[in-house]
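Asks: Below is coords03.pdb; it holds PDB, C-alpha atoms.
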ATOM      1  CA  MET O   1     -11.359  -2.071  14.350
ATOM      2  CA  GLY O   2     -11.955  -5.304  12.468
ATOM      3  CA  PHE O   3     -12.767  -7.139  15.693
ATOM      4  CA  ILE O   4     -15.076  -4.380  16.880
ATOM      5  CA  LEU O   5     -16.974  -4.311  13.588
ATOM      6  CA  ASP O   6     -17.076  -8.123  13.355
ATOM      7  CA  LEU O   7     -15.567  -8.518   9.893
ATOM      8  CA  SER O   8     -16.314 -11.645   7.898
ATOM      9  CA  ARG O   9     -13.598 -14.100   6.915
ATOM     10  CA  GLY O  10     -13.612 -12.744   3.361
ATOM     11  CA  GLU O  11     -13.234  -9.172   4.580
ATOM     12  CA  TRP O  12     -10.309 -10.213   6.771
ATOM     13  CA  ASN O  13      -8.749 -12.007   3.798
ATOM     14  CA  ASP O  14      -9.117  -8.896   1.650
ATOM     15  CA  LEU O  15      -7.540  -6.691   4.316
ATOM     16  CA  VAL O  16      -4.628  -9.014   5.016
ATOM     17  CA  THR O  17      -3.977  -9.471   1.295
ATOM     18  CA  ILE O  18      -3.846  -5.758   0.532
ATOM     19  CA  ILE O  19      -1.686  -5.080   3.587
ATOM     20  CA  VAL O  20       0.809  -7.730   2.454
ATOM     21  CA  VAL O  21       0.795  -6.362  -1.103
ATOM     22  CA  VAL O  22       1.515  -2.797   0.050
ATOM     23  CA  ILE O  23       4.331  -3.971   2.349
ATOM     24  CA  ALA O  24       5.824  -6.090  -0.448
ATOM     25  CA  TYR O  25       5.759  -3.151  -2.881
ATOM     26  CA  GLU O  26       7.361  -0.945  -0.234
ATOM     27  CA  MET O  27      10.152  -3.491   0.214
ATOM     28  CA  VAL O  28      10.768  -3.566  -3.550
ATOM     29  CA  ASN O  29      10.734   0.252  -3.626
ATOM     30  CA  THR O  30      13.307   0.416  -0.833
ATOM     31  CA  SER O  31      15.488  -2.135  -2.616
ATOM     32  CA  ILE O  32      15.379  -0.196  -5.876
ATOM     33  CA  GLU O  33      16.184   3.083  -4.151
ATOM     34  CA  THR O  34      19.103   1.507  -2.267
ATOM     35  CA  ILE O  35      20.539  -0.046  -5.423
ATOM     36  CA  VAL O  36      20.189   3.220  -7.348
ATOM     37  CA  ASP O  37      21.947   5.092  -4.523
ATOM     38  CA  MET O  38      24.800   2.551  -4.546
ATOM     39  CA  ILE O  39      25.233   2.640  -8.330
ATOM     40  CA  CYS O  40      24.808   6.371  -8.755
ATOM     41  CA  PRO O  41      25.661   8.305  -5.564
ATOM     42  CA  ASP O  42      25.734  11.634  -7.410
ATOM     43  CA  HIS O  43      22.576  13.323  -8.635
ATOM     44  CA  ASN O  44      21.403  11.883 -11.933
ATOM     45  CA  LYS O  45      18.052  12.658 -13.547
ATOM     46  CA  TYR O  46      17.577   9.039 -14.680
ATOM     47  CA  ALA O  47      18.389   7.711 -11.215
ATOM     48  CA  GLY O  48      15.860  10.135  -9.773
ATOM     49  CA  LEU O  49      13.297   9.070 -12.341
ATOM     50  CA  SER O  50      13.719   5.387 -11.501
ATOM     51  CA  LYS O  51      13.339   6.151  -7.793
ATOM     52  CA  ASP O  52      10.230   8.217  -8.487
ATOM     53  CA  LEU O  53       8.730   5.411 -10.569
ATOM     54  CA  ALA O  54       9.464   2.864  -7.835
ATOM     55  CA  ALA O  55       7.772   5.115  -5.282
ATOM     56  CA  GLY O  56       4.852   5.587  -7.662
ATOM     57  CA  ALA O  57       4.502   1.820  -7.915
ATOM     58  CA  VAL O  58       3.823   1.756  -4.169
ATOM     59  CA  LEU O  59       1.163   4.415  -4.566
ATOM     60  CA  VAL O  60      -1.050   2.215  -6.764
ATOM     61  CA  PRO O  61      -1.664  -0.577  -4.204
ATOM     62  CA  ALA O  62      -1.821   2.041  -1.434
ATOM     63  CA  ILE O  63      -4.727   3.712  -3.233
ATOM     64  CA  GLY O  64      -6.275   0.273  -3.675
ATOM     65  CA  ALA O  65      -5.886  -0.318   0.062
ATOM     66  CA  VAL O  66      -7.767   2.890   0.806
ATOM     67  CA  ILE O  67     -10.579   1.869  -1.538
ATOM     68  CA  ILE O  68     -10.786  -1.631  -0.061
ATOM     69  CA  GLY O  69     -10.766  -0.239   3.481
ATOM     70  CA  TRP O  70     -13.431   2.281   2.538
ATOM     71  CA  ASN O  71     -15.629  -0.438   1.017
ATOM     72  CA  ILE O  72     -15.277  -2.710   4.041
ATOM     73  CA  PHE O  73     -15.408  -0.269   6.938
ATOM     74  CA  LEU O  74     -17.684   2.545   5.792
ATOM     75  CA  PRO O  75     -20.898   0.484   5.496
ATOM     76  CA  LYS O  76     -20.272  -1.100   8.901
ATOM     77  CA  ILE O  77     -19.583   2.255  10.548
ATOM     78  CA  MET O  78     -22.630   3.804   8.875
ATOM     79  CA  ALA O  79     -24.765   0.897  10.138
ATOM     80  CA  LEU O  80     -23.736   1.734  13.696
ATOM     81  CA  TYR O  81     -25.050   5.285  13.430
ATOM     82  CA  PHE O  82     -28.023   5.023  11.053
TER      83      PHE O  82
END
Would you kindly transcribe this structure into structure tokens?
Replies:
Amino acid sequence: MGFILDLSRGEWNDLVTIIVVVIAYEMVNTSIETIVDMICPDHNKYAGLSKDLAAGAVLVPAIGAVIIGWNIFLPKIMALYF
């Protein structure tokens, strides 16, 4: 889509940066969840809380990614139709 809409270098940089950030947070989330599962295989409310918080930490940059994508792509798509 970026090639079709002829994104600028800055727009590409923004997209690549946020993609890398989301993937990095997801890797940290997976690491935390794996460690918690190894340390506490039985159900524990604090283990569940730490896993929920790690997953929530991924949500923040994911929401940012949606906003960045919206700000980059929406005006270009609107320009095609209006």
Asks: Expand the PyMOL selection byres ((chain O and resi 13-23) around 9) into the individual residues it matches in the shown file, reporting them as a PDB file with C-alpha atoms, keeping the file's coordinate frame.
Replies:
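As written to disk, result-v9.pdb reads:
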ATOM      1  CA  SER O   8     -16.314 -11.645   7.898  1.00  0.00           C
ATOM      2  CA  ARG O   9     -13.598 -14.100   6.915  1.00  0.00           C
ATOM      3  CA  GLY O  10     -13.612 -12.744   3.361  1.00  0.00           C
ATOM      4  CA  GLU O  11     -13.234  -9.172   4.580  1.00  0.00           C
ATOM      5  CA  TRP O  12     -10.309 -10.213   6.771  1.00  0.00           C
ATOM      6  CA  ALA O  24       5.824  -6.090  -0.448  1.00  0.00           C
ATOM      7  CA  TYR O  25       5.759  -3.151  -2.881  1.00  0.00           C
ATOM      8  CA  GLU O  26       7.361  -0.945  -0.234  1.00  0.00           C
ATOM      9  CA  MET O  27      10.152  -3.491   0.214  1.00  0.00           C
ATOM     10  CA  VAL O  28      10.768  -3.566  -3.550  1.00  0.00           C
ATOM     11  CA  VAL O  58       3.823   1.756  -4.169  1.00  0.00           C
ATOM     12  CA  LEU O  59       1.163   4.415  -4.566  1.00  0.00           C
ATOM     13  CA  VAL O  60      -1.050   2.215  -6.764  1.00  0.00           C
ATOM     14  CA  PRO O  61      -1.664  -0.577  -4.204  1.00  0.00           C
ATOM     15  CA  ALA O  62      -1.821   2.041  -1.434  1.00  0.00           C
ATOM     16  CA  GLY O  64      -6.275   0.273  -3.675  1.00  0.00           C
ATOM     17  CA  ALA O  65      -5.886  -0.318   0.062  1.00  0.00           C
ATOM     18  CA  ILE O  68     -10.786  -1.631  -0.061  1.00  0.00           C
ATOM     19  CA  GLY O  69     -10.766  -0.239   3.481  1.00  0.00           C
ATOM     20  CA  ILE O  72     -15.277  -2.710   4.041  1.00  0.00           C
TER      21      ILE O  72
END
Asks: Please provide as a list in words all residues within 12 Å of Ala47 (chain O), with the sequence filter that same-chain residues fewer than 6 positions apart are discarded (counting all atoms listed in the file).
Replies: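 Result of the neighbour search: Ile32, Glu33, Thr34, Ile35, Val36, Asp37, Met38, Ile39, Cys40, Pro41, Leu53 and Ala54 of chain O.
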Asks: Could you turn the residues from that selection into a file that holds C-alpha atoms, as an mmCIF file, keeping the file's coordinate frame?
Replies:
data_model
loop_
_atom_site.group_PDB
_atom_site.id
_atom_site.type_symbol
_atom_site.label_atom_id
_atom_site.label_comp_id
_atom_site.auth_asym_id
_atom_site.auth_seq_id
_atom_site.Cartn_x
_atom_site.Cartn_y
_atom_site.Cartn_z
ATOM 1 C CA ILE O 32 15.379 -0.196 -5.876
ATOM 2 C CA GLU O 33 16.184 3.083 -4.151
ATOM 3 C CA THR O 34 19.103 1.507 -2.267
ATOM 4 C CA ILE O 35 20.539 -0.046 -5.423
ATOM 5 C CA VAL O 36 20.189 3.220 -7.348
ATOM 6 C CA ASP O 37 21.947 5.092 -4.523
ATOM 7 C CA MET O 38 24.800 2.551 -4.546
ATOM 8 C CA ILE O 39 25.233 2.640 -8.330
ATOM 9 C CA CYS O 40 24.808 6.371 -8.755
ATOM 10 C CA PRO O 41 25.661 8.305 -5.564
ATOM 11 C CA LEU O 53 8.730 5.411 -10.569
ATOM 12 C CA ALA O 54 9.464 2.864 -7.835
#
Asks: Just give me the gap between CA of Thr30 (chain O) and CA of Leu49 (chain O) in Å, one decimal is fine.
Replies: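 These two atoms are separated by 14.4 Å.
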Asks: Pick out the closest residue to Met78 (chain O) from this set: O:Asp52, O:Val66, O:Asn29, O:Leu5. Count all atoms listed in the file.
Replies: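 Using all atoms listed in the file, the shortest distance to Met78 (chain O) belongs to O:Leu5.
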Asks: Between CA of Lys51 (chain O) and CA of Trp70 (chain O), what is the spacing in Å?
Replies: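 Separating CA of Trp70 (chain O) from CA of Lys51 (chain O) is a distance of 29.0 Å.
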Asks: Separation of CA of Ile4 (chain O) and CA of Leu74 (chain O), in Å?
Replies: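 For CA of Ile4 (chain O) relative to CA of Leu74 (chain O), the distance reads 13.3 Å.
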Asks: Output as a PDB file, in the frame of the given file: region 22-42 of chain O, completed with N, CA and C atoms.
Replies:
ATOM      1  N   VAL O  22       0.918  -4.123  -0.150  1.00  0.00           N
ATOM      2  CA  VAL O  22       1.515  -2.797   0.050  1.00  0.00           C
ATOM      3  C   VAL O  22       2.898  -2.929   0.696  1.00  0.00           C
ATOM      4  N   ILE O  23       3.027  -3.776   1.697  1.00  0.00           N
ATOM      5  CA  ILE O  23       4.331  -3.971   2.349  1.00  0.00           C
ATOM      6  C   ILE O  23       5.341  -4.545   1.365  1.00  0.00           C
ATOM      7  N   ALA O  24       4.917  -5.497   0.536  1.00  0.00           N
ATOM      8  CA  ALA O  24       5.824  -6.090  -0.448  1.00  0.00           C
ATOM      9  C   ALA O  24       6.290  -5.032  -1.457  1.00  0.00           C
ATOM     10  N   TYR O  25       5.377  -4.214  -1.950  1.00  0.00           N
ATOM     11  CA  TYR O  25       5.759  -3.151  -2.881  1.00  0.00           C
ATOM     12  C   TYR O  25       6.705  -2.155  -2.211  1.00  0.00           C
ATOM     13  N   GLU O  26       6.473  -1.859  -0.957  1.00  0.00           N
ATOM     14  CA  GLU O  26       7.361  -0.945  -0.234  1.00  0.00           C
ATOM     15  C   GLU O  26       8.761  -1.531  -0.101  1.00  0.00           C
ATOM     16  N   MET O  27       8.842  -2.837   0.126  1.00  0.00           N
ATOM     17  CA  MET O  27      10.152  -3.491   0.214  1.00  0.00           C
ATOM     18  C   MET O  27      10.882  -3.432  -1.132  1.00  0.00           C
ATOM     19  N   VAL O  28      10.154  -3.655  -2.220  1.00  0.00           N
ATOM     20  CA  VAL O  28      10.768  -3.566  -3.550  1.00  0.00           C
ATOM     21  C   VAL O  28      11.210  -2.126  -3.816  1.00  0.00           C
ATOM     22  N   ASN O  29      10.382  -1.155  -3.458  1.00  0.00           N
ATOM     23  CA  ASN O  29      10.734   0.252  -3.626  1.00  0.00           C
ATOM     24  C   ASN O  29      12.020   0.588  -2.872  1.00  0.00           C
ATOM     25  N   THR O  30      12.111   0.148  -1.637  1.00  0.00           N
ATOM     26  CA  THR O  30      13.307   0.416  -0.833  1.00  0.00           C
ATOM     27  C   THR O  30      14.534  -0.239  -1.456  1.00  0.00           C
ATOM     28  N   SER O  31      14.368  -1.440  -1.961  1.00  0.00           N
ATOM     29  CA  SER O  31      15.488  -2.135  -2.616  1.00  0.00           C
ATOM     30  C   SER O  31      15.956  -1.373  -3.849  1.00  0.00           C
ATOM     31  N   ILE O  32      15.016  -0.945  -4.665  1.00  0.00           N
ATOM     32  CA  ILE O  32      15.379  -0.196  -5.876  1.00  0.00           C
ATOM     33  C   ILE O  32      16.084   1.101  -5.519  1.00  0.00           C
ATOM     34  N   GLU O  33      15.558   1.823  -4.544  1.00  0.00           N
ATOM     35  CA  GLU O  33      16.184   3.083  -4.151  1.00  0.00           C
ATOM     36  C   GLU O  33      17.584   2.866  -3.590  1.00  0.00           C
ATOM     37  N   THR O  34      17.784   1.805  -2.832  1.00  0.00           N
ATOM     38  CA  THR O  34      19.103   1.507  -2.267  1.00  0.00           C
ATOM     39  C   THR O  34      20.090   1.155  -3.375  1.00  0.00           C
ATOM     40  N   ILE O  35      19.667   0.336  -4.317  1.00  0.00           N
ATOM     41  CA  ILE O  35      20.539  -0.046  -5.423  1.00  0.00           C
ATOM     42  C   ILE O  35      20.902   1.172  -6.276  1.00  0.00           C
ATOM     43  N   VAL O  36      19.923   2.010  -6.564  1.00  0.00           N
ATOM     44  CA  VAL O  36      20.189   3.220  -7.348  1.00  0.00           C
ATOM     45  C   VAL O  36      21.174   4.120  -6.611  1.00  0.00           C
ATOM     46  N   ASP O  37      21.022   4.272  -5.306  1.00  0.00           N
ATOM     47  CA  ASP O  37      21.947   5.092  -4.523  1.00  0.00           C
ATOM     48  C   ASP O  37      23.362   4.509  -4.537  1.00  0.00           C
ATOM     49  N   MET O  38      23.469   3.183  -4.510  1.00  0.00           N
ATOM     50  CA  MET O  38      24.800   2.551  -4.546  1.00  0.00           C
ATOM     51  C   MET O  38      25.451   2.729  -5.915  1.00  0.00           C
ATOM     52  N   ILE O  39      24.680   2.568  -6.978  1.00  0.00           N
ATOM     53  CA  ILE O  39      25.233   2.640  -8.330  1.00  0.00           C
ATOM     54  C   ILE O  39      25.533   4.077  -8.736  1.00  0.00           C
ATOM     55  N   CYS O  40      24.681   4.978  -8.326  1.00  0.00           N
ATOM     56  CA  CYS O  40      24.808   6.371  -8.755  1.00  0.00           C
ATOM     57  C   CYS O  40      24.682   7.301  -7.550  1.00  0.00           C
ATOM     58  N   PRO O  41      25.754   7.466  -6.771  1.00  0.00           N
ATOM     59  CA  PRO O  41      25.661   8.305  -5.564  1.00  0.00           C
ATOM     60  C   PRO O  41      25.463   9.799  -5.873  1.00  0.00           C
ATOM     61  N   ASP O  42      25.935  10.237  -7.031  1.00  0.00           N
ATOM     62  CA  ASP O  42      25.734  11.634  -7.410  1.00  0.00           C
ATOM     63  C   ASP O  42      24.358  11.817  -8.034  1.00  0.00           C
TER      64      ASP O  42
END
